[in-house]
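Asker: Hey, dropping my_file.cif in here, mmCIF, C-alpha atoms:
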data_data
loop_
_atom_site.group_PDB
_atom_site.id
_atom_site.type_symbol
_atom_site.label_atom_id
_atom_site.label_comp_id
_atom_site.auth_asym_id
_atom_site.auth_seq_id
_atom_site.Cartn_x
_atom_site.Cartn_y
_atom_site.Cartn_z
ATOM 1 C CA MET A 1 110.016 81.536 91.456
ATOM 2 C CA MET A 2 112.664 82.306 88.841
ATOM 3 C CA ASN A 3 115.572 84.391 90.093
ATOM 4 C CA ILE A 4 115.532 88.088 89.287
ATOM 5 C CA ASP A 5 118.286 87.888 86.640
ATOM 6 C CA ASP A 6 116.392 85.165 84.735
ATOM 7 C CA ILE A 7 113.225 87.247 84.942
ATOM 8 C CA LYS A 8 115.097 90.256 83.537
ATOM 9 C CA SER A 9 116.477 88.157 80.670
ATOM 10 C CA ARG A 10 113.047 86.846 79.774
ATOM 11 C CA LEU A 11 111.485 90.301 80.081
ATOM 12 C CA GLN A 12 114.057 91.725 77.662
ATOM 13 C CA MET A 13 112.838 89.239 75.058
ATOM 14 C CA MET A 14 109.181 90.144 75.699
ATOM 15 C CA LEU A 15 109.412 93.938 75.794
ATOM 16 C CA SER A 16 110.773 96.734 73.648
ATOM 17 C CA GLN A 17 114.014 98.286 74.910
ATOM 18 C CA LYS A 18 112.083 101.400 75.946
ATOM 19 C CA ARG A 19 109.516 99.360 77.897
ATOM 20 C CA PHE A 20 112.227 97.266 79.563
ATOM 21 C CA SER A 21 114.055 100.429 80.610
ATOM 22 C CA HIS A 22 110.791 101.804 82.039
ATOM 23 C CA SER A 23 110.295 98.545 83.943
ATOM 24 C CA THR A 24 113.735 98.740 85.555
ATOM 25 C CA HIS A 25 113.051 102.373 86.483
ATOM 26 C CA VAL A 26 109.739 101.356 88.085
ATOM 27 C CA MET A 27 111.601 98.626 89.977
ATOM 28 C CA GLU A 28 113.966 101.279 91.370
ATOM 29 C CA ALA A 29 111.162 103.735 92.206
ATOM 30 C CA SER A 30 109.261 100.909 93.916
ATOM 31 C CA ARG A 31 112.330 100.122 96.019
ATOM 32 C CA ILE A 32 112.673 103.762 97.103
ATOM 33 C CA LEU A 33 108.979 104.002 98.027
ATOM 34 C CA ALA A 34 109.106 100.653 99.844
ATOM 35 C CA GLU A 35 112.018 101.899 101.945
ATOM 36 C CA LYS A 36 110.174 105.147 102.716
ATOM 37 C CA TYR A 37 106.852 103.521 103.592
ATOM 38 C CA GLY A 38 108.063 100.326 105.278
ATOM 39 C CA GLU A 39 107.109 97.726 102.668
ATOM 40 C CA ASP A 40 108.982 94.559 101.702
ATOM 41 C CA ILE A 41 111.715 95.791 99.349
ATOM 42 C CA GLY A 42 112.153 92.502 97.466
ATOM 43 C CA LYS A 43 108.438 92.255 96.706
ATOM 44 C CA ALA A 44 108.310 95.911 95.646
ATOM 45 C CA GLU A 45 111.272 95.502 93.285
ATOM 46 C CA LEU A 46 109.849 92.319 91.769
ATOM 47 C CA ALA A 47 106.374 93.798 91.243
ATOM 48 C CA GLY A 48 107.876 96.969 89.773
ATOM 49 C CA LEU A 49 110.063 95.005 87.377
ATOM 50 C CA ILE A 50 107.298 92.750 86.033
ATOM 51 C CA HIS A 51 104.347 95.166 86.158
ATOM 52 C CA ASP A 52 104.310 95.765 82.367
ATOM 53 C CA CYS A 53 105.166 92.229 81.215
ATOM 54 C CA ALA A 54 101.982 92.123 79.070
ATOM 55 C CA LYS A 55 102.122 95.736 77.850
ATOM 56 C CA ASP A 56 103.702 95.095 74.447
ATOM 57 C CA MET A 57 101.216 92.391 73.418
ATOM 58 C CA ASP A 58 98.923 93.008 70.475
ATOM 59 C CA LYS A 59 95.174 93.244 70.853
ATOM 60 C CA SER A 60 94.347 89.740 69.615
ATOM 61 C CA SER A 61 96.900 88.125 71.962
ATOM 62 C CA THR A 62 95.561 90.187 74.863
ATOM 63 C CA PHE A 63 91.979 89.086 74.196
ATOM 64 C CA ALA A 64 93.069 85.460 73.705
ATOM 65 C CA LEU A 65 94.742 85.480 77.127
ATOM 66 C CA CYS A 66 91.697 87.128 78.697
ATOM 67 C CA LYS A 67 89.665 84.198 77.389
ATOM 68 C CA LYS A 68 92.251 81.660 78.598
ATOM 69 C CA TYR A 69 92.397 83.174 82.095
ATOM 70 C CA ASP A 70 88.659 83.930 82.379
ATOM 71 C CA ILE A 71 89.256 87.676 82.711
ATOM 72 C CA ILE A 72 85.963 89.521 82.364
ATOM 73 C CA VAL A 73 86.304 92.137 79.617
ATOM 74 C CA ASP A 74 83.781 94.961 79.847
ATOM 75 C CA SER A 75 82.696 97.221 76.981
ATOM 76 C CA ILE A 76 85.332 99.897 77.717
ATOM 77 C CA MET A 77 88.124 97.310 77.860
ATOM 78 C CA LYS A 78 86.989 95.936 74.488
ATOM 79 C CA LYS A 79 87.429 99.395 72.976
ATOM 80 C CA GLN A 80 90.644 100.186 74.910
ATOM 81 C CA PRO A 81 92.403 96.834 75.434
ATOM 82 C CA GLU A 82 95.574 98.530 76.696
ATOM 83 C CA ILE A 83 93.918 98.812 80.119
ATOM 84 C CA LEU A 84 93.879 95.001 80.351
ATOM 85 C CA HIS A 85 97.660 94.584 80.491
ATOM 86 C CA GLY A 86 97.828 94.620 84.303
ATOM 87 C CA MET A 87 95.284 91.837 84.690
ATOM 88 C CA VAL A 88 96.818 89.758 81.904
ATOM 89 C CA GLY A 89 100.306 90.517 83.225
ATOM 90 C CA ALA A 90 99.549 89.034 86.641
ATOM 91 C CA PHE A 91 98.686 85.681 85.029
ATOM 92 C CA LEU A 92 101.770 85.829 82.807
ATOM 93 C CA ALA A 93 103.938 86.593 85.846
ATOM 94 C CA ARG A 94 102.505 83.543 87.557
ATOM 95 C CA ASP A 95 102.918 81.240 84.556
ATOM 96 C CA LEU A 96 106.139 82.547 82.973
ATOM 97 C CA PHE A 97 108.100 83.781 85.995
ATOM 98 C CA GLU A 98 106.613 81.366 88.560
ATOM 99 C CA VAL A 99 105.574 84.256 90.835
ATOM 100 C CA ASP A 100 103.162 82.909 93.423
ATOM 101 C CA ASP A 101 103.105 85.763 95.946
ATOM 102 C CA LYS A 102 99.519 87.051 95.956
ATOM 103 C CA SER A 103 100.480 90.600 96.957
ATOM 104 C CA VAL A 104 103.013 90.865 94.097
ATOM 105 C CA LEU A 105 100.454 89.553 91.592
ATOM 106 C CA ALA A 106 97.840 91.974 92.980
ATOM 107 C CA ALA A 107 100.286 94.868 92.520
ATOM 108 C CA VAL A 108 100.741 93.876 88.857
ATOM 109 C CA THR A 109 96.965 93.615 88.399
ATOM 110 C CA ASN A 110 96.268 96.947 90.118
ATOM 111 C CA HIS A 111 98.988 99.118 88.616
ATOM 112 C CA THR A 112 96.888 100.214 85.625
ATOM 113 C CA MET A 113 93.662 101.498 87.197
ATOM 114 C CA GLY A 114 94.190 100.833 90.884
ATOM 115 C CA CYS A 115 91.362 99.606 93.080
ATOM 116 C CA GLU A 116 89.587 100.415 96.286
ATOM 117 C CA ASN A 117 91.377 99.260 99.446
ATOM 118 C CA MET A 118 94.700 98.806 97.666
ATOM 119 C CA ASN A 119 97.323 97.505 100.026
ATOM 120 C CA LYS A 120 100.646 99.285 100.484
ATOM 121 C CA LEU A 121 102.518 97.209 97.899
ATOM 122 C CA SER A 122 99.906 97.835 95.183
ATOM 123 C CA SER A 123 99.861 101.544 96.057
ATOM 124 C CA ILE A 124 103.662 101.714 95.800
ATOM 125 C CA VAL A 125 103.833 100.104 92.342
ATOM 126 C CA PHE A 126 100.863 102.195 91.157
ATOM 127 C CA ILE A 127 102.731 105.387 92.118
ATOM 128 C CA ALA A 128 106.182 104.182 91.001
ATOM 129 C CA ASP A 129 104.750 103.739 87.499
ATOM 130 C CA TYR A 130 103.885 107.464 87.467
ATOM 131 C CA ILE A 131 107.083 108.857 88.998
ATOM 132 C CA GLU A 132 109.966 106.636 87.816
ATOM 133 C CA ALA A 133 113.103 108.555 86.831
ATOM 134 C CA GLY A 134 112.467 108.276 83.081
ATOM 135 C CA ARG A 135 109.117 110.066 83.268
ATOM 136 C CA SER A 136 109.091 113.707 82.126
ATOM 137 C CA TYR A 137 105.447 114.505 81.303
ATOM 138 C CA GLU A 138 103.706 117.674 82.449
ATOM 139 C CA GLY A 139 102.629 117.312 86.080
ATOM 140 C CA VAL A 140 105.033 114.518 87.073
ATOM 141 C CA GLU A 141 106.781 116.757 89.631
ATOM 142 C CA LYS A 142 103.478 117.355 91.402
ATOM 143 C CA ILE A 143 102.984 113.592 91.761
ATOM 144 C CA ARG A 144 106.599 113.106 92.917
ATOM 145 C CA LYS A 145 106.083 115.819 95.550
ATOM 146 C CA ALA A 146 102.825 114.202 96.684
ATOM 147 C CA ALA A 147 104.652 110.865 97.047
ATOM 148 C CA GLU A 148 106.882 112.533 99.654
ATOM 149 C CA SER A 149 103.809 113.181 101.835
ATOM 150 C CA SER A 150 101.679 110.056 101.503
ATOM 151 C CA LEU A 151 100.836 107.178 99.183
ATOM 152 C CA GLU A 152 97.202 108.258 99.016
ATOM 153 C CA GLU A 153 98.069 111.849 98.158
ATOM 154 C CA ALA A 154 100.253 110.578 95.309
ATOM 155 C CA ILE A 155 97.488 108.242 94.107
ATOM 156 C CA VAL A 156 95.021 111.152 93.924
ATOM 157 C CA ALA A 157 97.571 113.351 92.105
ATOM 158 C CA GLY A 158 98.409 110.533 89.676
ATOM 159 C CA VAL A 159 94.803 109.678 88.931
ATOM 160 C CA ASP A 160 93.951 113.366 88.460
ATOM 161 C CA SER A 161 96.744 113.523 85.868
ATOM 162 C CA THR A 162 95.454 110.383 84.124
ATOM 163 C CA ILE A 163 91.860 111.614 84.042
ATOM 164 C CA GLU A 164 92.977 114.973 82.625
ATOM 165 C CA ASP A 165 94.965 113.176 79.911
ATOM 166 C CA ILE A 166 92.053 110.853 79.060
ATOM 167 C CA LEU A 167 89.672 113.811 78.776
ATOM 168 C CA LYS A 168 92.117 115.737 76.555
ATOM 169 C CA LYS A 169 92.436 112.746 74.230
ATOM 170 C CA GLY A 170 88.667 112.190 74.148
ATOM 171 C CA LYS A 171 89.050 108.579 75.266
ATOM 172 C CA LEU A 172 86.671 106.598 77.441
ATOM 173 C CA LEU A 173 87.128 106.927 81.195
ATOM 174 C CA HIS A 174 86.901 103.601 82.990
ATOM 175 C CA PRO A 175 84.907 103.850 86.239
ATOM 176 C CA GLN A 176 87.575 101.841 88.088
ATOM 177 C CA ILE A 177 90.012 104.762 87.988
ATOM 178 C CA VAL A 178 87.340 107.007 89.531
ATOM 179 C CA LEU A 179 86.697 104.441 92.285
ATOM 180 C CA THR A 180 90.435 104.356 93.003
ATOM 181 C CA ARG A 181 90.580 108.141 93.263
ATOM 182 C CA ASN A 182 87.533 108.292 95.516
ATOM 183 C CA TRP A 183 88.969 105.615 97.819
ATOM 184 C CA ALA A 184 92.347 107.390 98.130
ATOM 185 C CA LEU A 185 90.615 110.731 98.739
ATOM 186 C CA GLU A 186 88.469 109.182 101.488
ATOM 187 C CA GLN A 187 91.628 107.784 103.120
ATOM 188 C CA LEU A 188 93.121 111.284 103.158
ATOM 189 C CA LYS A 189 89.930 112.853 104.523
ATOM 190 C CA GLY A 190 89.680 110.194 107.222
ATOM 191 C CA ARG A 191 93.199 111.006 108.337
ATOM 192 C CA THR A 192 92.465 114.732 108.396
ATOM 193 C CA VAL A 193 89.312 114.200 110.474
ATOM 194 C CA GLY A 194 91.311 112.004 112.858
ATOM 195 C CA LEU A 195 93.788 114.845 113.408
ATOM 196 C CA LEU A 196 91.115 117.385 114.408
#
As structure tokens - that is how I would like this structure written.

Answerer:
Amino acid sequence: MMNIDDIKSRLQMMLSQKRFSHSTHVMEASRILAEKYGEDIGKAELAGLIHDCAKDMDKSSTFALCKKYDIIVDSIMKKQPEILHGMVGAFLARDLFEVDDKSVLAAVTNHTMGCENMNKLSSIVFIADYIEAGRSYEGVEKIRKAAESSLEEAIVAGVDSTIEDILKKGKLLHPQIVLTRNWALEQLKGRTVGLL
């Protein structure tokens, strides 16, 4: 794997200044969450830093890489290719930054829509993307507060915010985000039942 400084240098060439700044903020938020929840800090920082490496690509480049990497593009992704950047980004991280850790690559893949049975590292990067220090949208404090209690609570709060935003904008809602929310909610309910 490339060292972190080389990865940062390459990322700065790939991303806008705003996106690079966001990425370094997500790296920091991932570190804080990893410390809180007992995850590998180095992996969390790396995944947070590289999570958006494919975000600034244009639509035709995104689709070309989906074809190259055999990523299945469904009808919603065709209409809203921005939701593909996590999947494409994981392959770019492997090929450009020589990242071979499966959990780091999974965290990059999963940070956009999440997935059922996300491991701790994926959950951390998913949440860090919502709550990094540069974020100031309506509802971010609720997600930050939820992240103090549990990863799953923060996932539900984050996804609720995303769904609300998607509905306001009249965009298509990908079923994967709903599956992620349902999974996190079930984890919370299971814990509550276990306490009774």

Asker: Considering only C-alpha atoms, state which residue in the set A:Met2, A:Val156, A:Leu173, A:Ala44 is at the smallest distance from Ser122 of chain A.

Answerer: A:Ala44

Asker: Might you pull out every residue within 6 Å of Val99 of chain A, with all atoms listed in the file counted and same-chain residues fewer than 3 positions away left off, and present them as a PyMOL selection string?

Answerer: chain A and resi 1+93-94

Asker: Got a sec: who's within 8 Å of segment 127-138 of chain A, counting all atoms listed in the file, leaving out chain neighbours fewer than 4 positions off, as a PDB file with C-alpha atoms, in the frame of the given file?

Answerer:
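So the final result, stored in around36.pdb, reads:
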ATOM      1  CA  HIS A  22     110.791 101.804  82.039  1.00  0.00           C
ATOM      2  CA  HIS A  25     113.051 102.373  86.483  1.00  0.00           C
ATOM      3  CA  VAL A  26     109.739 101.356  88.085  1.00  0.00           C
ATOM      4  CA  MET A  27     111.601  98.626  89.977  1.00  0.00           C
ATOM      5  CA  GLU A  28     113.966 101.279  91.370  1.00  0.00           C
ATOM      6  CA  ALA A  29     111.162 103.735  92.206  1.00  0.00           C
ATOM      7  CA  SER A  30     109.261 100.909  93.916  1.00  0.00           C
ATOM      8  CA  LEU A  33     108.979 104.002  98.027  1.00  0.00           C
ATOM      9  CA  GLY A  48     107.876  96.969  89.773  1.00  0.00           C
ATOM     10  CA  HIS A 111      98.988  99.118  88.616  1.00  0.00           C
ATOM     11  CA  SER A 123      99.861 101.544  96.057  1.00  0.00           C
ATOM     12  CA  ILE A 143     102.984 113.592  91.761  1.00  0.00           C
ATOM     13  CA  ARG A 144     106.599 113.106  92.917  1.00  0.00           C
ATOM     14  CA  ALA A 147     104.652 110.865  97.047  1.00  0.00           C
ATOM     15  CA  LEU A 151     100.836 107.178  99.183  1.00  0.00           C
ATOM     16  CA  ALA A 154     100.253 110.578  95.309  1.00  0.00           C
ATOM     17  CA  ILE A 155      97.488 108.242  94.107  1.00  0.00           C
ATOM     18  CA  GLY A 158      98.409 110.533  89.676  1.00  0.00           C
TER      19      GLY A 158
END

Asker: Find the residues around Val108 of chain A up to 6 Å (only C-alpha atoms counted), leave out those fewer than 4 positions away in its own chain, and share them as a PDB file with C-alpha atoms, in the frame of the given file.

Answerer:
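selection_32.pdb written:
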ATOM      1  CA  HIS A  51     104.347  95.166  86.158  1.00  0.00           C
ATOM      2  CA  GLY A  86      97.828  94.620  84.303  1.00  0.00           C
ATOM      3  CA  ALA A  90      99.549  89.034  86.641  1.00  0.00           C
TER       4      ALA A  90
END

Asker: Give me, please, the distance in Å between atom CA of Asp95 of chain A and atom CA of Lys59 of chain A, quoted to one decimal.

Answerer: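 Between atom CA of Asp95 of chain A and atom CA of Lys59 of chain A the gap works out to 19.8 Å.
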
Asker: Just say which residues the PyMOL selection byres ((chain A and resi 20) around 12) picks in this file, as number ranges by chain.

Answerer: A: 7-19, 21-27, 48-56, 134

Asker: Counting all atoms listed in the file, which residue out of A:Val178, A:Val140, A:Cys66, A:Ala34 sits closest to Lys120 of chain A?

Answerer: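 Going through A:Val178, A:Val140, A:Cys66, A:Ala34 one by one, the smallest distance to Lys120 of chain A is for A:Ala34.
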
Asker: Distance atom CA of Gln80 of chain A-atom CA of Leu96 of chain A, one decimal place?

Answerer: 24.8 Å

Asker: Report the distance between atom CA of Pro175 of chain A and atom CA of Cys115 of chain A in Å, rounded to one decimal place.

Answerer: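 Distance reported for this atom pair: 10.3 Å.
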
Asker: Which is closer to Ser150 of chain A than all the others in A:Lys36, A:Val73, A:Thr162, A:Ile177, using all atoms listed in the file?

Answerer: A:Lys36

Asker: Got a sec to check which residues sit within 12 Å of (94.1, 97.0, 100.4), counting all atoms listed in the file, and write them as number ranges by chain?

Answerer: A: 103, 106-107, 110, 114-124, 152, 180, 183-184, 187

Asker: As JSON, please: the centre and edge lengths in Å, to one decimal, of an axis-aligned box enclosing every listed atom of segment 32-45 of chain A with 4 Å added on each side.

Answerer:
{"center_x": 109.8, "center_y": 98.7, "center_z": 99.3, "size_x": 13.8, "size_y": 20.9, "size_z": 20.0}

Asker: Between A:Leu185, A:Ile41, A:Ile76, A:Val88, single out the one closest to Ser61 of chain A, counting all atoms listed in the file.

Answerer: A:Val88

Asker: Closest to Glu141 of chain A among A:Val125, A:Ala157, A:Ile166, A:Ile83, using only C-alpha atoms?

Answerer: A:Ala157

Asker: Between A:Ile4, A:Met87, A:Leu105, A:Met77, which has the minimum distance to Lys171 of chain A (counting all atoms listed in the file)?

Answerer: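 So, comparing all the options, the nearest one is A:Met77.
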
Asker: I need segment 34-132 of chain A written out with C-alpha atoms, as a compact mmCIF listing (two decimals), in the first residue's frame; please produce it.

Answerer:
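Below you can see part_7.txt, which holds the result:
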# COMPACT_ATOMS: atom_id res chain seq x y z
CA ALA A 34 -12.82 4.36 15.92
CA GLU A 35 -11.34 5.40 19.26
CA LYS A 36 -14.81 5.56 20.83
CA TYR A 37 -16.03 2.24 19.46
CA GLY A 38 -12.81 0.21 19.59
CA GLU A 39 -12.00 -0.10 15.88
CA ASP A 40 -8.58 -0.09 14.21
CA ILE A 41 -7.67 3.61 14.02
CA GLY A 42 -5.30 3.29 11.05
CA LYS A 43 -7.91 1.48 8.96
CA ALA A 44 -10.59 4.00 9.95
CA GLU A 45 -8.40 6.97 9.00
CA LEU A 46 -7.42 5.40 5.67
CA ALA A 47 -11.00 4.50 4.73
CA GLY A 48 -12.21 7.96 5.76
CA LEU A 49 -9.53 9.67 3.71
CA ILE A 50 -10.14 7.72 0.49
CA HIS A 51 -13.91 7.21 0.73
CA ASP A 52 -14.72 9.86 -1.93
CA CYS A 53 -11.81 9.20 -4.31
CA ALA A 54 -14.27 8.63 -7.20
CA LYS A 55 -16.74 11.38 -6.26
CA ASP A 56 -15.50 14.07 -8.65
CA MET A 57 -15.57 11.84 -11.74
CA ASP A 58 -17.95 12.67 -14.56
CA LYS A 59 -20.80 10.39 -15.54
CA SER A 60 -19.14 8.83 -18.59
CA SER A 61 -15.95 8.00 -16.64
CA THR A 62 -18.04 6.51 -13.83
CA PHE A 63 -19.96 4.27 -16.24
CA ALA A 64 -16.75 3.29 -18.06
CA LEU A 65 -15.21 2.14 -14.77
CA CYS A 66 -18.39 0.27 -13.84
CA LYS A 67 -18.00 -1.64 -17.10
CA LYS A 68 -14.28 -2.23 -16.50
CA TYR A 69 -14.85 -3.52 -12.95
CA ASP A 70 -18.05 -5.46 -13.73
CA ILE A 71 -20.13 -3.34 -11.34
CA ILE A 72 -23.81 -4.06 -11.89
CA VAL A 73 -25.62 -0.78 -12.57
CA ASP A 74 -29.35 -0.89 -11.88
CA SER A 75 -31.96 1.46 -13.36
CA ILE A 76 -31.79 3.94 -10.45
CA MET A 77 -27.99 4.10 -10.62
CA LYS A 78 -28.21 4.81 -14.36
CA LYS A 79 -30.39 7.84 -13.62
CA GLN A 80 -28.40 8.91 -10.52
CA PRO A 81 -24.79 7.83 -11.17
CA GLU A 82 -23.52 9.78 -8.16
CA ILE A 83 -24.57 6.85 -5.96
CA LEU A 84 -21.99 4.67 -7.74
CA HIS A 85 -18.94 6.55 -6.44
CA GLY A 86 -18.46 4.30 -3.40
CA MET A 87 -18.38 1.11 -5.46
CA VAL A 88 -16.13 2.64 -8.11
CA GLY A 89 -13.98 4.23 -5.41
CA ALA A 90 -13.18 0.89 -3.79
CA PHE A 91 -11.69 -0.38 -7.07
CA LEU A 92 -9.77 2.87 -7.58
CA ALA A 93 -8.41 2.64 -4.03
CA ARG A 94 -7.21 -0.87 -4.78
CA ASP A 95 -5.65 0.02 -8.14
CA LEU A 96 -4.35 3.56 -7.51
CA PHE A 97 -3.46 3.47 -3.81
CA GLU A 98 -2.65 -0.26 -3.60
CA VAL A 99 -5.14 -0.75 -0.74
CA ASP A 100 -5.72 -4.47 -0.31
CA ASP A 101 -7.45 -4.56 3.09
CA LYS A 102 -10.93 -5.96 2.43
CA SER A 103 -12.54 -4.15 5.37
CA VAL A 104 -11.17 -0.77 4.22
CA LEU A 105 -12.38 -1.39 0.65
CA ALA A 106 -15.79 -2.48 2.00
CA ALA A 107 -16.03 0.75 4.02
CA VAL A 108 -15.39 2.76 0.84
CA THR A 109 -18.00 0.72 -1.05
CA ASN A 110 -20.60 1.01 1.73
CA HIS A 111 -20.25 4.66 2.67
CA THR A 112 -22.82 5.88 0.13
CA MET A 113 -25.88 3.72 0.81
CA GLY A 114 -24.67 1.38 3.53
CA CYS A 115 -25.68 -2.27 3.57
CA GLU A 116 -27.20 -4.86 5.82
CA ASN A 117 -24.80 -6.40 8.35
CA MET A 118 -22.25 -3.61 7.96
CA ASN A 119 -19.22 -4.24 10.10
CA LYS A 120 -17.97 -1.66 12.59
CA LEU A 121 -15.46 -0.07 10.22
CA SER A 122 -18.05 0.44 7.46
CA SER A 123 -20.52 1.83 10.01
CA ILE A 124 -17.90 4.28 11.30
CA VAL A 125 -17.02 5.67 7.86
CA PHE A 126 -20.72 5.80 6.91
CA ILE A 127 -21.44 7.97 9.97
CA ALA A 128 -18.22 10.02 9.76
CA ASP A 129 -19.31 11.13 6.29
CA TYR A 130 -22.47 12.62 7.84
CA ILE A 131 -20.94 14.26 10.92
CA GLU A 132 -17.46 15.49 9.94
